[in-house]
Protein chains: 2
Amino acid sequence: MTWAIFHKHRPTILYGISLALLLFLLKWLELRFIVINHIFEIYAGAIALLFTGLGIWLALKLTKPKVETVIVEKEVFIDTKEFRFNAQEQARLGLSKRELEVLGLISEGLSNQEIAAQLFVSLNTVKTHSSRLFEKMEVKSRTQAVEKAKRLSLIP
Amino acid sequence: MTWAIFHKHRPTILYGISLALLLFLLKWLELRFIVINHIFEIYAGAIALLFTGLGIWLALKLTKPKVETVIVEKEVFIDTKEFRFNAQEQARLGLSKRELEVLGLISEGLSNQEIAAQLFVSLNTVKTHSSRLFEKMEVKSRTQAVEKAKRLSLIP
DNA sequence: ACTAAAATCACCCGAAAGTATGAGTTAAAT
DNA sequence: ATTTAACTCATACTTTCGGGTGATTTTAGT
C-alpha cells in the first residue's frame, strides 16, 4: 500500500525532495558564508572561552587558601616549684662541699651530734663546719640558715 | 667648553643624529610590518590575556574562599604546688593558735627572745609554747619542727 | 714541689635552746 | 557556775649551739 502511494505520487515526491535539498544547500551555503565572514569573531570567541576557563582554573588551582588561626588554650601543669640546685649561689657564697652537706643535714632537723655520727667525724668538726657555714651565709643560727638556704635554692 | 666642542664637530654630530634617526625609522617600519602581518595573532593574544584575567577575576570573585583552620595550642602554666594550710593536721596534732604562731616565727629563723618581743610576751612563755609544740609534734628541736611542719603543710 | 683551700680535730666559754615543774589568768564551753 | 583548755609567767636545771682560737692533715691547682 505504501509502495503504491509512492509510485502514484513519484514525481511530486521527487520534486519535494529536490526542493528540500536545494533549500538545505542554500541554508548550508548561507551558514558557510556567515562562518567565513565571521571566522575571526568565532575564533576570538573560542579563544575568549578557552582562556576564561584557563583563568578560572588557574585561580582555583594556584590561590593560597585563607588561613584561619584558632588558638586553643591547653593547660599544662608544670611544677614551677621543683627543686633545682643553685650552684651559682653556692659559688657566690663560697660554700664547700662539706659545708653544703652539713647544711643539708641541719635542714633535716639533725643535731650536731647526729650529723657527726652520720658523717663519721667528731662533734667539733661539725661545729667548725656549721660555724663557717653561718659566717658565709651571714646568719646567726641553724634555723636562719635553713630558711635562707631554701630561699636561695641550696636545699629543696 | 662643551659648546666649543659642539661647534667644532657640528657636521659630524648632525650626520650621526641623521643616521640614528634613519635607523630608528627603518626599525619602526619593520616593527609596523611585523605588527600588521601578525595583527591576528596579537589580537588573539590580547584576547587570551584579557579573558584569562577575566577568568581569574571571576573565580576569585564568585567562589567561596578556601578556609584552612590551624589550631595553635597555647600553653597555660599552672602552679601545682601552692601553699594551702592544712587545718586537719593542726586539729589532729591539737596545736593551739599561739603555738602555731610561734611555729611560724620559729620557721622564719627568729630566736626565742625575738619571738617574745614580737608577741609581747616573756621569754619563758615562748619557751613553754615551743616546748608544748615540740611535744605535740613529737619532735625534739625547732629545726625538726620546721622540717615536719613544712611536710605537713602547716607552714609554707 | 710548693701553695692555697678544704677538712679535720681540740678546748673553752657564753648564749640559746629545751625540759621539768608549778602556778596564775582568761575565755569559752557545758 | 563550773570545768576545761589556752595563755601566761617563773625558777631551776641540762643540753645544745655557736663563737673564738689554734693546730694538723688532705686535697687540689700552679
# chains A, B, ... in the order shown; residues from 1 in each chain; ligands from 1
call {"tool": "interface_residues", "arguments": {"of": "chain D", "to": "chain B", "cutoff": "10 Å", "atoms": "only C-alpha atoms (C1' of nucleotides)", "output": "MDAnalysis selection string"}}
result
chainID D and resid 5:10 16
call {"tool": "write_last_selection", "arguments": {"atoms": "C-alpha atoms (C1' of nucleotides)", "output": "CSV table (one decimal), in the first residue's frame"}}
result
chain,number,residue,atom,x,y,z
D,5,DA,C1',41.7,24.5,127.5
D,6,DA,C1',44.6,28.1,126.3
D,7,DC,C1',47.7,31.5,127.5
D,8,DT,C1',50.7,33.5,130.6
D,9,DC,C1',54.9,33.6,133.6
D,10,DA,C1',58.6,32.0,136.8
D,16,DT,C1',73.0,22.1,122.6
call {"tool": "residues_around", "arguments": {"residues": "B:Gly55", "least_positions_apart": "3", "cutoff": "9 Å", "atoms": "only C-alpha atoms (C1' of nucleotides)", "output": "CSV table (one decimal) with N, CA and C atoms, in the first residue's frame"}}
result
chain,number,residue,atom,x,y,z
A,51,PHE,N,40.3,30.8,27.3
A,51,PHE,CA,41.2,31.4,28.3
A,51,PHE,C,40.5,31.9,29.5
A,52,THR,N,39.2,32.1,29.4
A,52,THR,CA,38.4,32.4,30.6
A,52,THR,C,38.5,31.1,31.5
A,53,GLY,N,38.3,30.0,30.8
A,53,GLY,CA,38.4,28.7,31.6
A,53,GLY,C,39.7,28.5,32.2
A,54,LEU,N,40.8,28.9,31.4
A,54,LEU,CA,42.1,28.8,31.9
A,54,LEU,C,42.3,29.6,33.2
A,55,GLY,N,41.8,30.9,33.0
A,55,GLY,CA,41.9,31.8,34.1
A,55,GLY,C,41.2,31.3,35.4
A,56,ILE,N,40.0,30.8,35.2
A,56,ILE,CA,39.3,30.2,36.4
A,56,ILE,C,40.1,29.1,37.0
A,57,TRP,N,40.6,28.2,36.1
A,57,TRP,CA,41.3,27.0,36.6
A,57,TRP,C,42.6,27.5,37.4
A,58,LEU,N,43.3,28.5,36.8
A,58,LEU,CA,44.5,29.0,37.4
A,58,LEU,C,44.2,29.5,38.8
A,59,ALA,N,43.1,30.3,38.8
A,59,ALA,CA,42.7,31.0,40.1
A,59,ALA,C,42.4,29.9,41.1
B,50,LEU,N,43.3,39.0,28.2
B,50,LEU,CA,42.2,39.7,28.8
B,50,LEU,C,41.2,38.7,29.5
B,51,PHE,N,40.9,37.6,28.7
B,51,PHE,CA,40.0,36.7,29.3
B,51,PHE,C,40.5,35.7,30.3
B,52,THR,N,41.9,35.6,30.3
B,52,THR,CA,42.5,34.8,31.4
B,52,THR,C,42.3,35.6,32.7
B,58,LEU,N,36.8,36.2,37.9
B,58,LEU,CA,35.5,35.5,38.1
B,58,LEU,C,35.7,34.5,39.2
B,59,ALA,N,36.8,33.7,39.1
B,59,ALA,CA,37.0,32.7,40.0
B,59,ALA,C,37.2,33.2,41.4
B,60,LEU,N,38.0,34.3,41.5
B,60,LEU,CA,38.2,34.9,42.8
B,60,LEU,C,37.0,35.5,43.4
call {"tool": "interface_residues", "arguments": {"of": "chain B", "to": "chain C", "cutoff": "12 Å", "atoms": "only C-alpha atoms (C1' of nucleotides)", "output": "ChimeraX atom specification"}}
result
/B:106,110-114,123-124,126-135,139-143
call {"tool": "interface_residues", "arguments": {"of": "chain B", "to": "chain A", "cutoff": "6 Å", "atoms": "only C-alpha atoms", "output": "MDAnalysis selection string"}}
result
chainID B and resid 48 51:52 55:56 59 66:78 80 109 143:144
call {"tool": "residues_around", "arguments": {"residues": "A:Arg92", "least_positions_apart": "3", "cutoff": "12 Å", "atoms": "only C-alpha atoms (C1' of nucleotides)", "output": "list in words"}}
result
Asn86, Ala87, Gln88, Glu89, Leu95, Ser96, Lys136, Met137, Leu152 and Leu154 of chain A
call {"tool": "atom_distance", "arguments": {"atom1": "atom CA of B:Val102", "atom2": "atom CA of B:Arg151"}}
result
17.3 Å
call {"tool": "residues_around", "arguments": {"residues": "B:Ser153", "least_positions_apart": "3", "cutoff": "7 Å", "atoms": "only C-alpha atoms (C1' of nucleotides)", "output": "list in words"}}
result
Arg84, Phe85, Asn86, Ala149, Lys150 and Pro156 of chain B
call {"tool": "write_last_selection", "arguments": {"atoms": "all heavy atoms", "output": "mmCIF file, in the first residue's frame"}}
result
data_model
loop_
_atom_site.group_PDB
_atom_site.id
_atom_site.type_symbol
_atom_site.label_atom_id
_atom_site.label_comp_id
_atom_site.auth_asym_id
_atom_site.auth_seq_id
_atom_site.Cartn_x
_atom_site.Cartn_y
_atom_site.Cartn_z
ATOM 1 N N ARG B 84 48.782 25.569 100.819
ATOM 2 C CA ARG B 84 47.409 25.506 101.325
ATOM 3 C C ARG B 84 47.485 24.978 102.755
ATOM 4 O O ARG B 84 47.899 23.840 102.968
ATOM 5 C CB ARG B 84 46.595 24.584 100.419
ATOM 6 C CG ARG B 84 45.106 24.718 100.567
ATOM 7 C CD ARG B 84 44.423 24.153 99.338
ATOM 8 N NE ARG B 84 44.736 24.953 98.149
ATOM 9 C CZ ARG B 84 44.166 26.147 97.899
ATOM 10 N NH1 ARG B 84 43.290 26.657 98.720
ATOM 11 N NH2 ARG B 84 44.489 26.797 96.800
ATOM 12 N N PHE B 85 47.099 25.807 103.692
ATOM 13 C CA PHE B 85 47.229 25.444 105.095
ATOM 14 C C PHE B 85 46.412 24.193 105.424
ATOM 15 O O PHE B 85 45.237 24.086 105.074
ATOM 16 C CB PHE B 85 46.782 26.607 105.979
ATOM 17 C CG PHE B 85 46.803 26.267 107.441
ATOM 18 C CD1 PHE B 85 48.008 26.093 108.109
ATOM 19 C CD2 PHE B 85 45.622 26.104 108.145
ATOM 20 C CE1 PHE B 85 48.028 25.769 109.452
ATOM 21 C CE2 PHE B 85 45.634 25.790 109.492
ATOM 22 C CZ PHE B 85 46.841 25.624 110.146
ATOM 23 N N ASN B 86 47.073 23.272 106.097
ATOM 24 C CA ASN B 86 46.431 22.005 106.431
ATOM 25 C C ASN B 86 45.820 22.055 107.830
ATOM 26 O O ASN B 86 46.449 21.698 108.822
ATOM 27 C CB ASN B 86 47.477 20.885 106.352
ATOM 28 C CG ASN B 86 46.826 19.520 106.416
ATOM 29 O OD1 ASN B 86 45.679 19.385 106.849
ATOM 30 N ND2 ASN B 86 47.553 18.508 105.991
ATOM 31 N N ALA B 149 56.791 20.524 109.959
ATOM 32 C CA ALA B 149 55.675 21.443 109.675
ATOM 33 C C ALA B 149 55.549 21.708 108.181
ATOM 34 O O ALA B 149 54.442 21.789 107.645
ATOM 35 C CB ALA B 149 55.861 22.751 110.433
ATOM 36 N N LYS B 150 56.684 21.806 107.507
ATOM 37 C CA LYS B 150 56.641 22.020 106.055
ATOM 38 C C LYS B 150 56.055 20.792 105.369
ATOM 39 O O LYS B 150 55.245 20.920 104.442
ATOM 40 C CB LYS B 150 58.051 22.288 105.509
ATOM 41 C CG LYS B 150 58.643 23.573 106.061
ATOM 42 C CD LYS B 150 59.396 24.348 105.001
ATOM 43 C CE LYS B 150 59.844 25.697 105.574
ATOM 44 N NZ LYS B 150 60.145 26.695 104.573
ATOM 45 N N PRO B 156 54.279 27.511 105.004
ATOM 46 C CA PRO B 156 54.639 27.478 103.584
ATOM 47 C C PRO B 156 56.071 26.999 103.329
ATOM 48 O O PRO B 156 56.898 27.100 104.197
ATOM 49 C CB PRO B 156 54.503 28.943 103.135
ATOM 50 C CG PRO B 156 54.154 29.756 104.313
ATOM 51 C CD PRO B 156 54.091 28.888 105.519
#
call {"tool": "decode", "arguments": {"residues": "stretch 88-104 of chain B", "atoms": "all heavy atoms", "output": "PDB file, in the first residue's frame"}}
result
ATOM      1  N   GLN B  88      43.480  20.295 109.008  1.00  0.00           N
ATOM      2  CA  GLN B  88      43.238  18.953 109.549  1.00  0.00           C
ATOM      3  C   GLN B  88      44.403  18.497 110.419  1.00  0.00           C
ATOM      4  O   GLN B  88      44.213  17.965 111.508  1.00  0.00           O
ATOM      5  CB  GLN B  88      43.023  17.956 108.410  1.00  0.00           C
ATOM      6  CG  GLN B  88      41.560  17.832 107.989  1.00  0.00           C
ATOM      7  CD  GLN B  88      41.417  16.828 106.867  1.00  0.00           C
ATOM      8  OE1 GLN B  88      42.195  16.848 105.916  1.00  0.00           O
ATOM      9  NE2 GLN B  88      40.422  15.960 106.965  1.00  0.00           N
ATOM     10  N   GLU B  89      45.617  18.705 109.896  1.00  0.00           N
ATOM     11  CA  GLU B  89      46.806  18.314 110.647  1.00  0.00           C
ATOM     12  C   GLU B  89      46.885  19.080 111.959  1.00  0.00           C
ATOM     13  O   GLU B  89      47.222  18.512 113.002  1.00  0.00           O
ATOM     14  CB  GLU B  89      48.074  18.566 109.823  1.00  0.00           C
ATOM     15  CG  GLU B  89      48.465  17.409 108.925  1.00  0.00           C
ATOM     16  CD  GLU B  89      48.700  16.098 109.675  1.00  0.00           C
ATOM     17  OE1 GLU B  89      49.188  16.132 110.815  1.00  0.00           O
ATOM     18  OE2 GLU B  89      48.357  15.037 109.124  1.00  0.00           O
ATOM     19  N   GLN B  90      46.579  20.346 111.865  1.00  0.00           N
ATOM     20  CA  GLN B  90      46.605  21.172 113.075  1.00  0.00           C
ATOM     21  C   GLN B  90      45.653  20.590 114.119  1.00  0.00           C
ATOM     22  O   GLN B  90      46.005  20.448 115.293  1.00  0.00           O
ATOM     23  CB  GLN B  90      46.196  22.606 112.748  1.00  0.00           C
ATOM     24  CG  GLN B  90      46.340  23.543 113.943  1.00  0.00           C
ATOM     25  CD  GLN B  90      45.453  24.774 113.837  1.00  0.00           C
ATOM     26  OE1 GLN B  90      44.716  24.950 112.874  1.00  0.00           O
ATOM     27  NE2 GLN B  90      45.558  25.631 114.850  1.00  0.00           N
ATOM     28  N   ALA B  91      44.458  20.230 113.676  1.00  0.00           N
ATOM     29  CA  ALA B  91      43.452  19.665 114.583  1.00  0.00           C
ATOM     30  C   ALA B  91      43.935  18.316 115.121  1.00  0.00           C
ATOM     31  O   ALA B  91      43.819  18.028 116.309  1.00  0.00           O
ATOM     32  CB  ALA B  91      42.130  19.502 113.842  1.00  0.00           C
ATOM     33  N   ARG B  92      44.480  17.503 114.201  1.00  0.00           N
ATOM     34  CA  ARG B  92      44.929  16.170 114.590  1.00  0.00           C
ATOM     35  C   ARG B  92      45.996  16.255 115.676  1.00  0.00           C
ATOM     36  O   ARG B  92      45.970  15.483 116.652  1.00  0.00           O
ATOM     37  CB  ARG B  92      45.496  15.444 113.367  1.00  0.00           C
ATOM     38  CG  ARG B  92      45.662  13.941 113.549  1.00  0.00           C
ATOM     39  CD  ARG B  92      46.203  13.308 112.274  1.00  0.00           C
ATOM     40  NE  ARG B  92      47.554  13.723 111.973  1.00  0.00           N
ATOM     41  CZ  ARG B  92      48.654  13.214 112.538  1.00  0.00           C
ATOM     42  NH1 ARG B  92      48.541  12.276 113.454  1.00  0.00           N
ATOM     43  NH2 ARG B  92      49.852  13.638 112.197  1.00  0.00           N
ATOM     44  N   LEU B  93      46.932  17.196 115.514  1.00  0.00           N
ATOM     45  CA  LEU B  93      48.001  17.332 116.491  1.00  0.00           C
ATOM     46  C   LEU B  93      47.555  18.138 117.704  1.00  0.00           C
ATOM     47  O   LEU B  93      48.233  18.161 118.728  1.00  0.00           O
ATOM     48  CB  LEU B  93      49.215  18.013 115.845  1.00  0.00           C
ATOM     49  CG  LEU B  93      49.852  17.271 114.660  1.00  0.00           C
ATOM     50  CD1 LEU B  93      50.955  18.103 114.033  1.00  0.00           C
ATOM     51  CD2 LEU B  93      50.409  15.928 115.132  1.00  0.00           C
ATOM     52  N   GLY B  94      46.413  18.811 117.592  1.00  0.00           N
ATOM     53  CA  GLY B  94      45.909  19.603 118.711  1.00  0.00           C
ATOM     54  C   GLY B  94      46.727  20.847 118.980  1.00  0.00           C
ATOM     55  O   GLY B  94      46.939  21.227 120.134  1.00  0.00           O
ATOM     56  N   LEU B  95      47.200  21.485 117.884  1.00  0.00           N
ATOM     57  CA  LEU B  95      48.004  22.704 118.046  1.00  0.00           C
ATOM     58  C   LEU B  95      47.109  23.925 118.244  1.00  0.00           C
ATOM     59  O   LEU B  95      46.145  24.113 117.502  1.00  0.00           O
ATOM     60  CB  LEU B  95      48.884  22.914 116.815  1.00  0.00           C
ATOM     61  CG  LEU B  95      49.846  21.774 116.434  1.00  0.00           C
ATOM     62  CD1 LEU B  95      50.703  22.184 115.243  1.00  0.00           C
ATOM     63  CD2 LEU B  95      50.709  21.403 117.623  1.00  0.00           C
ATOM     64  N   SER B  96      47.444  24.707 119.262  1.00  0.00           N
ATOM     65  CA  SER B  96      46.666  25.927 119.515  1.00  0.00           C
ATOM     66  C   SER B  96      47.125  27.050 118.582  1.00  0.00           C
ATOM     67  O   SER B  96      48.176  26.948 117.942  1.00  0.00           O
ATOM     68  CB  SER B  96      46.829  26.353 120.968  1.00  0.00           C
ATOM     69  OG  SER B  96      48.115  26.890 121.162  1.00  0.00           O
ATOM     70  N   LYS B  97      46.325  28.103 118.532  1.00  0.00           N
ATOM     71  CA  LYS B  97      46.653  29.263 117.683  1.00  0.00           C
ATOM     72  C   LYS B  97      48.035  29.817 118.003  1.00  0.00           C
ATOM     73  O   LYS B  97      48.844  30.079 117.123  1.00  0.00           O
ATOM     74  CB  LYS B  97      45.608  30.376 117.919  1.00  0.00           C
ATOM     75  CG  LYS B  97      44.516  30.430 116.876  1.00  0.00           C
ATOM     76  CD  LYS B  97      43.616  31.641 117.098  1.00  0.00           C
ATOM     77  CE  LYS B  97      42.782  31.521 118.381  1.00  0.00           C
ATOM     78  NZ  LYS B  97      41.885  32.670 118.621  1.00  0.00           N
ATOM     79  N   ARG B  98      48.249  29.990 119.334  1.00  0.00           N
ATOM     80  CA  ARG B  98      49.501  30.588 119.779  1.00  0.00           C
ATOM     81  C   ARG B  98      50.696  29.710 119.415  1.00  0.00           C
ATOM     82  O   ARG B  98      51.728  30.214 118.959  1.00  0.00           O
ATOM     83  CB  ARG B  98      49.436  30.786 121.300  1.00  0.00           C
ATOM     84  CG  ARG B  98      50.232  31.937 121.834  1.00  0.00           C
ATOM     85  CD  ARG B  98      49.929  33.224 121.163  1.00  0.00           C
ATOM     86  NE  ARG B  98      50.359  34.373 121.969  1.00  0.00           N
ATOM     87  CZ  ARG B  98      50.359  35.615 121.539  1.00  0.00           C
ATOM     88  NH1 ARG B  98      49.967  35.901 120.307  1.00  0.00           N
ATOM     89  NH2 ARG B  98      50.739  36.596 122.328  1.00  0.00           N
ATOM     90  N   GLU B  99      50.510  28.435 119.587  1.00  0.00           N
ATOM     91  CA  GLU B  99      51.596  27.504 119.265  1.00  0.00           C
ATOM     92  C   GLU B  99      51.928  27.564 117.767  1.00  0.00           C
ATOM     93  O   GLU B  99      53.101  27.562 117.372  1.00  0.00           O
ATOM     94  CB  GLU B  99      51.203  26.081 119.665  1.00  0.00           C
ATOM     95  CG  GLU B  99      51.274  25.838 121.165  1.00  0.00           C
ATOM     96  CD  GLU B  99      50.420  24.680 121.635  1.00  0.00           C
ATOM     97  OE1 GLU B  99      49.696  24.084 120.802  1.00  0.00           O
ATOM     98  OE2 GLU B  99      50.471  24.370 122.835  1.00  0.00           O
ATOM     99  N   LEU B 100      50.879  27.647 116.965  1.00  0.00           N
ATOM    100  CA  LEU B 100      51.075  27.737 115.526  1.00  0.00           C
ATOM    101  C   LEU B 100      51.798  29.032 115.161  1.00  0.00           C
ATOM    102  O   LEU B 100      52.656  29.065 114.269  1.00  0.00           O
ATOM    103  CB  LEU B 100      49.697  27.698 114.844  1.00  0.00           C
ATOM    104  CG  LEU B 100      49.663  27.089 113.456  1.00  0.00           C
ATOM    105  CD1 LEU B 100      50.054  25.626 113.502  1.00  0.00           C
ATOM    106  CD2 LEU B 100      48.267  27.248 112.866  1.00  0.00           C
ATOM    107  N   GLU B 101      51.440  30.081 115.899  1.00  0.00           N
ATOM    108  CA  GLU B 101      52.060  31.382 115.669  1.00  0.00           C
ATOM    109  C   GLU B 101      53.555  31.305 115.977  1.00  0.00           C
ATOM    110  O   GLU B 101      54.392  31.769 115.196  1.00  0.00           O
ATOM    111  CB  GLU B 101      51.379  32.406 116.587  1.00  0.00           C
ATOM    112  CG  GLU B 101      51.345  33.810 116.022  1.00  0.00           C
ATOM    113  CD  GLU B 101      50.484  34.719 116.889  1.00  0.00           C
ATOM    114  OE1 GLU B 101      49.816  34.205 117.815  1.00  0.00           O
ATOM    115  OE2 GLU B 101      50.492  35.935 116.647  1.00  0.00           O
ATOM    116  N   VAL B 102      53.849  30.693 117.107  1.00  0.00           N
ATOM    117  CA  VAL B 102      55.252  30.527 117.500  1.00  0.00           C
ATOM    118  C   VAL B 102      55.982  29.672 116.456  1.00  0.00           C
ATOM    119  O   VAL B 102      57.103  29.991 116.042  1.00  0.00           O
ATOM    120  CB  VAL B 102      55.361  29.874 118.895  1.00  0.00           C
ATOM    121  CG1 VAL B 102      56.798  29.469 119.192  1.00  0.00           C
ATOM    122  CG2 VAL B 102      54.859  30.833 119.970  1.00  0.00           C
ATOM    123  N   LEU B 103      55.329  28.640 116.011  1.00  0.00           N
ATOM    124  CA  LEU B 103      55.917  27.774 114.986  1.00  0.00           C
ATOM    125  C   LEU B 103      56.281  28.573 113.745  1.00  0.00           C
ATOM    126  O   LEU B 103      57.383  28.418 113.188  1.00  0.00           O
ATOM    127  CB  LEU B 103      54.920  26.663 114.621  1.00  0.00           C
ATOM    128  CG  LEU B 103      55.307  25.746 113.457  1.00  0.00           C
ATOM    129  CD1 LEU B 103      56.604  25.018 113.737  1.00  0.00           C
ATOM    130  CD2 LEU B 103      54.180  24.755 113.167  1.00  0.00           C
ATOM    131  N   GLY B 104      55.361  29.430 113.326  1.00  0.00           N
ATOM    132  CA  GLY B 104      55.621  30.261 112.153  1.00  0.00           C
ATOM    133  C   GLY B 104      56.849  31.134 112.331  1.00  0.00           C
ATOM    134  O   GLY B 104      57.701  31.217 111.442  1.00  0.00           O
TER     135      GLY B 104
END
